$ cat run_28.tsv   # TSV, C-alpha atoms and all ligand atoms
chain	number	residue	atom	x	y	z
A	1	MET	CA	-8.03	35.99	12.34
A	2	LYS	CA	-9.07	35.49	8.73
A	3	ASN	CA	-12.11	33.38	7.96
A	4	LEU	CA	-11.25	30.14	6.20
A	5	ILE	CA	-13.45	29.31	3.23
A	6	ALA	CA	-12.70	25.84	1.92
A	7	ALA	CA	-14.06	24.25	-1.24
A	8	ASN	CA	-14.57	20.50	-0.94
A	9	TRP	CA	-15.00	19.21	-4.47
A	10	LYS	CA	-15.45	15.60	-3.29
A	11	LEU	CA	-15.34	13.18	-6.26
A	12	ASN	CA	-15.72	15.90	-8.90
A	13	PRO	CA	-15.17	16.76	-11.71
A	14	THR	CA	-14.39	13.74	-13.90
A	15	ASN	CA	-11.50	15.21	-15.86
A	16	GLN	CA	-8.52	17.53	-15.61
A	17	LYS	CA	-9.89	20.08	-18.06
A	18	GLY	CA	-13.03	20.45	-15.97
A	19	ALA	CA	-10.96	20.87	-12.79
A	20	GLU	CA	-8.75	23.50	-14.40
A	21	ASP	CA	-11.76	25.41	-15.69
A	22	ILE	CA	-13.49	25.66	-12.31
A	23	PHE	CA	-10.21	26.42	-10.57
A	24	GLU	CA	-9.31	29.25	-12.96
A	25	GLN	CA	-12.76	30.78	-12.56
A	26	ILE	CA	-12.54	30.58	-8.77
A	27	LYS	CA	-9.04	32.05	-8.86
A	28	LYS	CA	-10.20	35.03	-10.85
A	29	SER	CA	-13.27	35.71	-8.77
A	30	VAL	CA	-11.66	35.51	-5.32
A	31	LYS	CA	-8.51	37.44	-6.29
A	32	ASN	CA	-9.11	40.42	-4.03
A	33	THR	CA	-10.64	38.71	-1.04
A	34	ALA	CA	-9.27	39.21	2.45
A	35	GLU	CA	-10.47	35.73	3.46
A	36	GLU	CA	-8.33	32.62	3.30
A	37	VAL	CA	-9.56	30.47	0.42
A	38	VAL	CA	-8.55	26.83	-0.01
A	39	VAL	CA	-9.60	24.46	-2.79
A	40	CYS	CA	-9.68	20.73	-2.01
A	41	PRO	CA	-9.94	18.76	-5.29
A	42	PRO	CA	-9.46	15.00	-5.75
A	43	PHE	CA	-5.79	13.99	-5.17
A	44	ILE	CA	-5.10	13.52	-8.86
A	45	PHE	CA	-5.67	17.22	-9.66
A	46	LEU	CA	-3.49	18.57	-6.84
A	47	PRO	CA	-0.25	18.72	-8.89
A	48	VAL	CA	-1.82	20.59	-11.80
A	49	LEU	CA	-3.80	23.33	-10.06
A	50	LYS	CA	-1.71	26.41	-9.24
A	51	GLY	CA	-2.30	29.83	-7.80
A	52	LEU	CA	-4.57	29.25	-4.80
A	53	ALA	CA	-4.00	27.37	-1.56
A	54	LEU	CA	-4.85	23.69	-1.95
A	55	GLY	CA	-6.03	20.95	0.37
A	56	ALA	CA	-6.31	17.18	0.04
A	57	GLN	CA	-9.58	15.53	1.03
A	58	ASN	CA	-7.99	12.69	2.98
A	59	CYS	CA	-4.64	11.11	3.81
A	60	PHE	CA	-3.27	7.90	5.30
A	61	TYR	CA	-1.56	7.65	8.70
A	62	GLU	CA	1.81	6.25	7.58
A	63	ASP	CA	4.38	7.99	5.41
A	64	THR	CA	5.48	4.99	3.29
A	65	GLY	CA	5.08	1.22	3.17
A	66	ALA	CA	2.95	-1.64	1.93
A	67	PHE	CA	-0.41	0.17	1.87
A	68	THR	CA	-1.70	-0.22	-1.67
A	69	GLY	CA	-3.83	2.66	-2.86
A	70	GLU	CA	-3.05	5.05	-0.02
A	71	ILE	CA	-1.59	8.58	-0.14
A	72	SER	CA	0.56	9.79	2.73
A	73	PRO	CA	0.76	13.15	4.47
A	74	ALA	CA	4.44	13.37	3.45
A	75	MET	CA	3.50	13.00	-0.23
A	76	ILE	CA	0.83	15.66	0.06
A	77	LYS	CA	3.20	18.03	1.83
A	78	ASP	CA	5.87	17.40	-0.80
A	79	LEU	CA	3.53	18.74	-3.51
A	80	GLY	CA	3.34	22.07	-1.71
A	81	VAL	CA	-0.23	21.38	-0.60
A	82	GLU	CA	-1.09	23.27	2.58
A	83	TYR	CA	-4.21	21.60	3.98
A	84	VAL	CA	-5.82	18.21	4.41
A	85	ILE	CA	-9.43	17.45	5.34
A	86	ILE	CA	-9.57	14.67	7.93
A	87	GLY	CA	-12.59	12.83	9.32
A	88	HIS	CA	-15.18	13.92	6.79
A	89	SER	CA	-18.48	12.14	7.50
A	90	GLU	CA	-18.44	10.51	4.04
A	91	ARG	CA	-15.09	8.90	4.95
A	92	ARG	CA	-16.51	7.78	8.28
A	93	LYS	CA	-19.68	6.42	6.65
A	94	TYR	CA	-18.42	4.78	3.45
A	95	PHE	CA	-14.77	4.01	4.22
A	96	GLY	CA	-14.86	2.81	7.79
A	97	GLU	CA	-13.04	5.72	9.39
A	98	THR	CA	-13.27	5.79	13.15
A	99	ASP	CA	-12.29	8.31	15.80
A	100	GLU	CA	-9.16	6.22	16.23
A	101	THR	CA	-8.04	6.31	12.58
A	102	VAL	CA	-8.98	9.98	12.37
A	103	ASN	CA	-6.72	10.61	15.37
A	104	LYS	CA	-3.82	8.70	13.78
A	105	LYS	CA	-4.20	10.69	10.56
A	106	ILE	CA	-4.29	13.99	12.43
A	107	ILE	CA	-1.12	13.16	14.35
A	108	LYS	CA	0.75	12.13	11.19
A	109	ALA	CA	-0.44	15.07	9.11
A	110	LEU	CA	0.55	17.55	11.83
A	111	ALA	CA	3.97	15.92	12.07
A	112	VAL	CA	4.76	16.73	8.43
A	113	GLY	CA	3.48	20.29	8.77
A	114	LEU	CA	0.09	20.08	7.08
A	115	LYS	CA	-2.80	22.23	8.28
A	116	ILE	CA	-5.91	20.27	9.06
A	117	ILE	CA	-9.62	20.74	8.55
A	118	PHE	CA	-10.94	18.26	11.11
A	119	CYS	CA	-14.60	17.35	10.49
A	120	ILE	CA	-17.09	16.36	13.15
A	121	GLY	CA	-20.87	16.24	13.27
A	122	GLU	CA	-23.87	14.27	14.44
A	123	THR	CA	-26.19	12.13	12.30
A	124	GLU	CA	-29.93	12.66	12.06
A	125	GLU	CA	-30.57	9.76	14.47
A	126	GLU	CA	-28.10	11.11	17.00
A	127	ARG	CA	-29.65	14.55	16.75
A	128	THR	CA	-33.17	13.18	17.21
A	129	ALA	CA	-32.04	11.12	20.19
A	130	GLY	CA	-30.66	14.26	21.84
A	131	LYS	CA	-27.09	12.97	21.58
A	132	ARG	CA	-25.56	15.78	19.56
A	133	ASN	CA	-23.28	17.16	22.26
A	134	GLU	CA	-22.21	13.73	23.39
A	135	VAL	CA	-21.19	12.84	19.83
A	136	LEU	CA	-19.40	16.13	19.23
A	137	GLN	CA	-17.49	15.81	22.49
A	138	ARG	CA	-16.45	12.23	21.72
A	139	GLN	CA	-15.37	13.03	18.16
A	140	VAL	CA	-13.39	16.10	19.11
A	141	GLN	CA	-11.73	14.60	22.18
A	142	GLN	CA	-10.84	11.28	20.56
A	143	GLY	CA	-9.80	12.90	17.29
A	144	LEU	CA	-7.46	15.22	19.15
A	145	LYS	CA	-6.19	12.63	21.64
A	146	ASP	CA	-2.47	13.14	22.38
A	147	VAL	CA	-2.36	16.18	20.10
A	148	VAL	CA	-0.44	18.81	22.03
A	149	ASP	CA	-0.37	21.66	19.57
A	150	ILE	CA	-3.66	22.41	17.84
A	151	ASP	CA	-2.58	25.67	16.23
A	152	ASN	CA	-2.68	24.09	12.76
A	153	ILE	CA	-6.13	22.63	13.23
A	154	SER	CA	-9.47	24.10	12.20
A	155	VAL	CA	-12.55	22.16	13.28
A	156	ALA	CA	-15.42	21.90	10.79
A	157	TYR	CA	-18.83	21.36	12.37
A	158	GLU	CA	-20.75	19.47	9.71
A	159	PRO	CA	-24.04	17.99	10.86
A	160	VAL	CA	-24.32	14.86	8.73
A	161	TRP	CA	-28.02	15.42	8.08
A	162	ALA	CA	-27.24	18.83	6.58
A	163	ILE	CA	-24.61	17.65	4.11
A	164	GLY	CA	-25.72	17.59	0.49
A	165	THR	CA	-29.39	17.70	1.47
A	166	GLY	CA	-30.24	21.37	0.95
A	167	ASN	CA	-31.35	21.26	4.58
A	168	ASN	CA	-28.72	23.52	6.14
A	169	CYS	CA	-28.51	23.77	9.92
A	170	GLY	CA	-30.27	26.79	11.41
A	171	VAL	CA	-28.15	29.60	12.73
A	172	ALA	CA	-29.22	29.23	16.39
A	173	GLU	CA	-28.56	25.49	16.40
A	174	THR	CA	-25.20	26.00	14.69
A	175	LYS	CA	-24.26	28.59	17.27
A	176	GLU	CA	-25.10	26.17	20.08
A	177	SER	CA	-22.85	23.52	18.55
A	178	ILE	CA	-20.01	25.94	17.86
A	179	ASP	CA	-20.19	27.26	21.42
A	180	PHE	CA	-20.19	23.70	22.71
A	181	ILE	CA	-17.19	22.65	20.59
A	182	ARG	CA	-15.31	25.80	21.61
A	183	GLN	CA	-14.78	24.50	25.16
A	184	PHE	CA	-12.64	21.63	23.85
A	185	VAL	CA	-10.33	23.71	21.66
A	186	LYS	CA	-8.41	26.94	22.01
A	187	LYS	CA	-10.01	30.37	22.08
A	188	ASP	CA	-8.51	31.20	18.72
A	189	THR	CA	-9.10	27.82	17.03
A	190	ARG	CA	-11.13	28.34	13.90
A	191	ILE	CA	-14.46	26.54	13.91
A	192	LEU	CA	-16.08	26.29	10.48
A	193	TYR	CA	-19.62	25.36	9.52
A	194	GLY	CA	-20.39	22.97	6.64
A	195	GLY	CA	-23.59	21.42	5.30
A	196	SER	CA	-25.60	22.80	2.35
A	197	VAL	CA	-23.88	26.19	2.48
A	198	LYS	CA	-25.16	28.52	-0.24
A	199	SER	CA	-24.66	32.22	-0.84
A	200	GLU	CA	-28.10	32.93	0.65
A	201	ASN	CA	-27.19	31.44	4.02
A	202	SER	CA	-23.38	31.66	4.18
A	203	GLY	CA	-22.97	35.13	5.70
A	204	ASP	CA	-25.24	34.28	8.64
A	205	TYR	CA	-22.93	31.54	9.87
A	206	ILE	CA	-20.07	33.97	10.19
A	207	LYS	CA	-22.09	36.93	11.40
A	208	GLU	CA	-24.59	35.26	13.71
A	209	ALA	CA	-23.45	31.74	14.53
A	210	GLY	CA	-19.86	32.62	15.37
A	211	ALA	CA	-18.27	30.45	12.66
A	212	ASN	CA	-14.75	31.39	11.58
A	213	GLY	CA	-15.21	29.98	8.13
A	214	LEU	CA	-17.11	27.54	5.93
A	215	LEU	CA	-16.57	24.15	4.34
A	216	VAL	CA	-18.49	24.23	1.08
A	217	GLY	CA	-19.28	21.09	-0.91
A	218	GLY	CA	-21.74	21.19	-3.82
A	219	ALA	CA	-21.78	24.98	-4.14
A	220	SER	CA	-17.99	25.10	-4.55
A	221	LEU	CA	-18.23	23.48	-7.99
A	222	ASN	CA	-19.95	26.59	-9.26
A	223	ALA	CA	-17.30	29.32	-9.30
A	224	GLU	CA	-19.77	32.18	-9.36
A	225	GLU	CA	-21.74	30.83	-6.41
A	226	PHE	CA	-18.55	30.02	-4.49
A	227	ALA	CA	-17.26	33.56	-5.08
A	228	LYS	CA	-20.52	34.94	-3.66
A	229	ILE	CA	-20.07	32.75	-0.59
A	230	VAL	CA	-16.52	34.02	-0.09
A	231	LYS	CA	-17.76	37.57	-0.49
A	232	SER	CA	-20.58	37.07	2.01
A	233	ALA	CA	-17.99	36.03	4.60
A	234	SER	CA	-16.08	39.27	4.12
A	235	ILE	CA	-19.16	41.41	4.34
A	236	ALA	CA	-20.38	39.53	7.37
A	237	VAL	CA	-17.56	40.39	9.76
A	301	LIG	P1	-22.38	20.29	0.92
A	301	LIG	O1	-21.12	19.49	1.49
A	301	LIG	O2	-21.99	21.77	0.95
A	301	LIG	O3	-22.57	19.79	-0.47
A	301	LIG	O4	-23.52	20.02	1.82
A	301	LIG	C1	-20.33	19.97	2.54
A	301	LIG	C2	-19.27	18.96	2.88
A	301	LIG	O5	-19.56	17.75	2.82
A	301	LIG	O6	-18.13	19.31	3.22
$ encode --input "run_28.tsv" --output "structure tokens"
Amino acid sequence: MKNLIAANWKLNPTNQKGAEDIFEQIKKSVKNTAEEVVVCPPFIFLPVLKGLALGAQNCFYEDTGAFTGEISPAMIKDLGVEYVIIGHSERRKYFGETDETVNKKIIKALAVGLKIIFCIGETEEERTAGKRNEVLQRQVQQGLKDVVDIDNISVAYEPVWAIGTGNNCGVAETKESIDFIRQFVKKDTRILYGGSVKSENSGDYIKEAGANGLLVGGASLNAEEFAKIVKSASIAV
């Protein structure tokens, strides 16, 4: 099984030229990697970036209809895009996503043949209150409710407190969470780690924490740093 290294650009960069520049640099620097690399830019750049696997950062749970401002899984699939991130904590926090809407999105995206990076993770408060496992179990079970075939799903463990903070989750703690999540998915389901991944810490998640890939936010906007992260995953296995 190849490791999956996904770049989550979030709401960056502000223009097409900038997106093309980073993308071309990433393309060049990961050319010979044995890992699976996916770039997830804002929707609007998906049709113009070519030559690496792409992912959307979100989707809606209906294919067409009166849903102003939404983008459907069918539209994403039609562009030749392979992946979609669903349930990212920023969507849950700022855009009202719940386990229920995440589940609807997963079901619809799978139905059109998209591969999914399904994000789960506990907040700082939940961690402090000792509720991490409870939260992970709820998110994974409700997100995957009525999903019969999870072959096209990778789960990304992203502790919310570690995202964008520079405070990445320790290897031992990540391993505990990955081992815990593993019991609710298949033996060969990829479980990624995300949250302040940098080239200095990336290899350890694969080598020591048992992650089968990484979801990289901030560091994926720097092609050189992202390439180092991809490389660390290859060296690590
Ligand atoms: P970060 O983001 O690497 O900037 O912490 C990860 C993510 O939100 O997917």
$ closest_residue --input "run_28.tsv" --among "A:Ala74, A:Ile22, A:Val30, A:Leu11" --to "ligand LIG 301 (chain A)" --atoms "only C-alpha atoms and all ligand atoms"
A:Leu11
$ residues_near_ligand --input "run_28.tsv" --ligand "ligand LIG 301 (chain A)" --cutoff "6 Å" --atoms "only C-alpha atoms and all ligand atoms" --output "PDB file with C-alpha atoms, in the coordinates of the input"
ATOM      1  CA  ASN A   8     -14.570  20.500  -0.940  1.00  0.00           C
ATOM      2  CA  ILE A 163     -24.610  17.650   4.110  1.00  0.00           C
ATOM      3  CA  GLY A 164     -25.720  17.590   0.490  1.00  0.00           C
ATOM      4  CA  GLY A 194     -20.390  22.970   6.640  1.00  0.00           C
ATOM      5  CA  GLY A 195     -23.590  21.420   5.300  1.00  0.00           C
ATOM      6  CA  SER A 196     -25.600  22.800   2.350  1.00  0.00           C
ATOM      7  CA  VAL A 197     -23.880  26.190   2.480  1.00  0.00           C
ATOM      8  CA  LEU A 215     -16.570  24.150   4.340  1.00  0.00           C
ATOM      9  CA  VAL A 216     -18.490  24.230   1.080  1.00  0.00           C
ATOM     10  CA  GLY A 217     -19.280  21.090  -0.910  1.00  0.00           C
ATOM     11  CA  GLY A 218     -21.740  21.190  -3.820  1.00  0.00           C
TER      12      GLY A 218
END
$ atom_distance --input "run_28.tsv" --atom1 "CA of Ala66 (chain A)" --atom2 "CA of Thr14 (chain A)"
28.1 Å
$ closest_residue --input "run_28.tsv" --among "A:Trp9, A:Tyr61, A:Tyr205, A:Phe45" --to "Tyr193 (chain A)" --atoms "all atoms listed in the file"
A:Tyr205
$ residues_around --input "run_28.tsv" --residues "region 46-55 of chain A" --least-positions-apart "4" --cutoff "7 Å" --atoms "all atoms listed in the file" --output "number ranges by chain"
A: 20, 27, 37-41, 79, 81-85
$ decode --input "run_28.tsv" --residues "region 145-158 of chain A" --atoms "all heavy atoms" --output "compact mmCIF listing (two decimals), in the first residue's frame"
# COMPACT_ATOMS: atom_id res chain seq x y z
N LYS A 145 -21.75 5.86 8.70
CA LYS A 145 -23.03 5.16 8.87
C LYS A 145 -23.61 4.78 7.50
O LYS A 145 -23.64 5.60 6.58
CB LYS A 145 -23.99 6.10 9.61
CG LYS A 145 -25.26 5.48 10.05
CD LYS A 145 -25.95 6.39 11.08
CE LYS A 145 -27.40 6.00 11.22
NZ LYS A 145 -28.28 6.71 10.31
N ASP A 146 -24.04 3.55 7.39
CA ASP A 146 -24.64 3.01 6.14
C ASP A 146 -23.68 2.97 4.96
O ASP A 146 -24.11 2.80 3.82
CB ASP A 146 -25.90 3.82 5.73
CG ASP A 146 -26.98 3.75 6.79
OD1 ASP A 146 -27.08 2.71 7.47
OD2 ASP A 146 -27.72 4.74 6.95
N VAL A 147 -22.40 3.16 5.21
CA VAL A 147 -21.42 3.03 4.13
C VAL A 147 -20.98 1.57 4.13
O VAL A 147 -20.43 1.09 5.12
CB VAL A 147 -20.20 3.95 4.36
CG1 VAL A 147 -19.14 3.73 3.30
CG2 VAL A 147 -20.65 5.42 4.36
N VAL A 148 -21.24 0.87 3.02
CA VAL A 148 -20.91 -0.56 3.02
C VAL A 148 -19.49 -0.83 2.54
O VAL A 148 -18.81 -1.70 3.04
CB VAL A 148 -21.91 -1.40 2.18
CG1 VAL A 148 -22.96 -2.00 3.08
CG2 VAL A 148 -22.53 -0.60 1.06
N ASP A 149 -19.07 -0.04 1.57
CA ASP A 149 -17.75 -0.29 0.98
C ASP A 149 -16.83 0.88 1.30
O ASP A 149 -17.01 1.98 0.78
CB ASP A 149 -17.93 -0.46 -0.53
CG ASP A 149 -16.61 -0.80 -1.20
OD1 ASP A 149 -15.59 -0.91 -0.49
OD2 ASP A 149 -16.61 -0.94 -2.43
N ILE A 150 -15.85 0.64 2.16
CA ILE A 150 -14.98 1.77 2.54
C ILE A 150 -13.62 1.72 1.82
O ILE A 150 -12.68 2.41 2.22
CB ILE A 150 -14.80 1.89 4.07
CG1 ILE A 150 -14.06 0.69 4.66
CG2 ILE A 150 -16.11 2.10 4.77
CD1 ILE A 150 -13.52 0.99 6.06
N ASP A 151 -13.55 0.92 0.76
CA ASP A 151 -12.27 0.81 0.04
C ASP A 151 -11.77 2.15 -0.50
O ASP A 151 -10.56 2.34 -0.64
CB ASP A 151 -12.40 -0.19 -1.11
CG ASP A 151 -12.42 -1.62 -0.58
OD1 ASP A 151 -12.20 -1.79 0.64
OD2 ASP A 151 -12.67 -2.55 -1.37
N ASN A 152 -12.67 3.05 -0.84
CA ASN A 152 -12.24 4.34 -1.39
C ASN A 152 -12.11 5.43 -0.34
O ASN A 152 -12.08 6.61 -0.67
CB ASN A 152 -13.20 4.79 -2.50
CG ASN A 152 -12.85 4.12 -3.82
OD1 ASN A 152 -11.71 3.66 -4.01
ND2 ASN A 152 -13.82 4.04 -4.72
N ILE A 153 -12.05 5.01 0.92
CA ILE A 153 -11.95 6.01 1.99
C ILE A 153 -10.61 5.90 2.72
O ILE A 153 -10.18 4.82 3.11
CB ILE A 153 -13.10 5.82 3.00
CG1 ILE A 153 -14.44 6.09 2.30
CG2 ILE A 153 -12.93 6.75 4.21
CD1 ILE A 153 -15.65 6.02 3.20
N SER A 154 -9.96 7.05 2.88
CA SER A 154 -8.83 7.16 3.80
C SER A 154 -9.31 8.03 4.94
O SER A 154 -10.03 9.01 4.72
CB SER A 154 -7.63 7.85 3.14
OG SER A 154 -7.21 7.13 2.00
N VAL A 155 -8.92 7.68 6.16
CA VAL A 155 -9.33 8.49 7.31
C VAL A 155 -8.14 9.36 7.70
O VAL A 155 -7.01 8.86 7.81
CB VAL A 155 -9.72 7.59 8.51
CG1 VAL A 155 -10.09 8.42 9.72
CG2 VAL A 155 -10.87 6.65 8.12
N ALA A 156 -8.38 10.66 7.88
CA ALA A 156 -7.29 11.53 8.34
C ALA A 156 -7.53 11.89 9.80
O ALA A 156 -8.53 12.53 10.13
CB ALA A 156 -7.21 12.79 7.49
N TYR A 157 -6.60 11.45 10.67
CA TYR A 157 -6.69 11.84 12.08
C TYR A 157 -6.02 13.20 12.21
O TYR A 157 -4.80 13.33 12.04
CB TYR A 157 -6.00 10.80 12.98
CG TYR A 157 -5.87 11.31 14.39
CD1 TYR A 157 -7.00 11.71 15.10
CD2 TYR A 157 -4.63 11.40 15.02
CE1 TYR A 157 -6.89 12.21 16.39
CE2 TYR A 157 -4.52 11.90 16.32
CZ TYR A 157 -5.66 12.30 16.99
OH TYR A 157 -5.56 12.80 18.26
N GLU A 158 -6.84 14.21 12.47
CA GLU A 158 -6.33 15.57 12.61
C GLU A 158 -6.80 16.17 13.93
O GLU A 158 -7.91 16.74 14.00
CB GLU A 158 -6.83 16.45 11.46
CG GLU A 158 -6.32 16.03 10.10
CD GLU A 158 -6.23 17.23 9.16
OE1 GLU A 158 -7.23 17.94 9.00
OE2 GLU A 158 -5.15 17.45 8.60
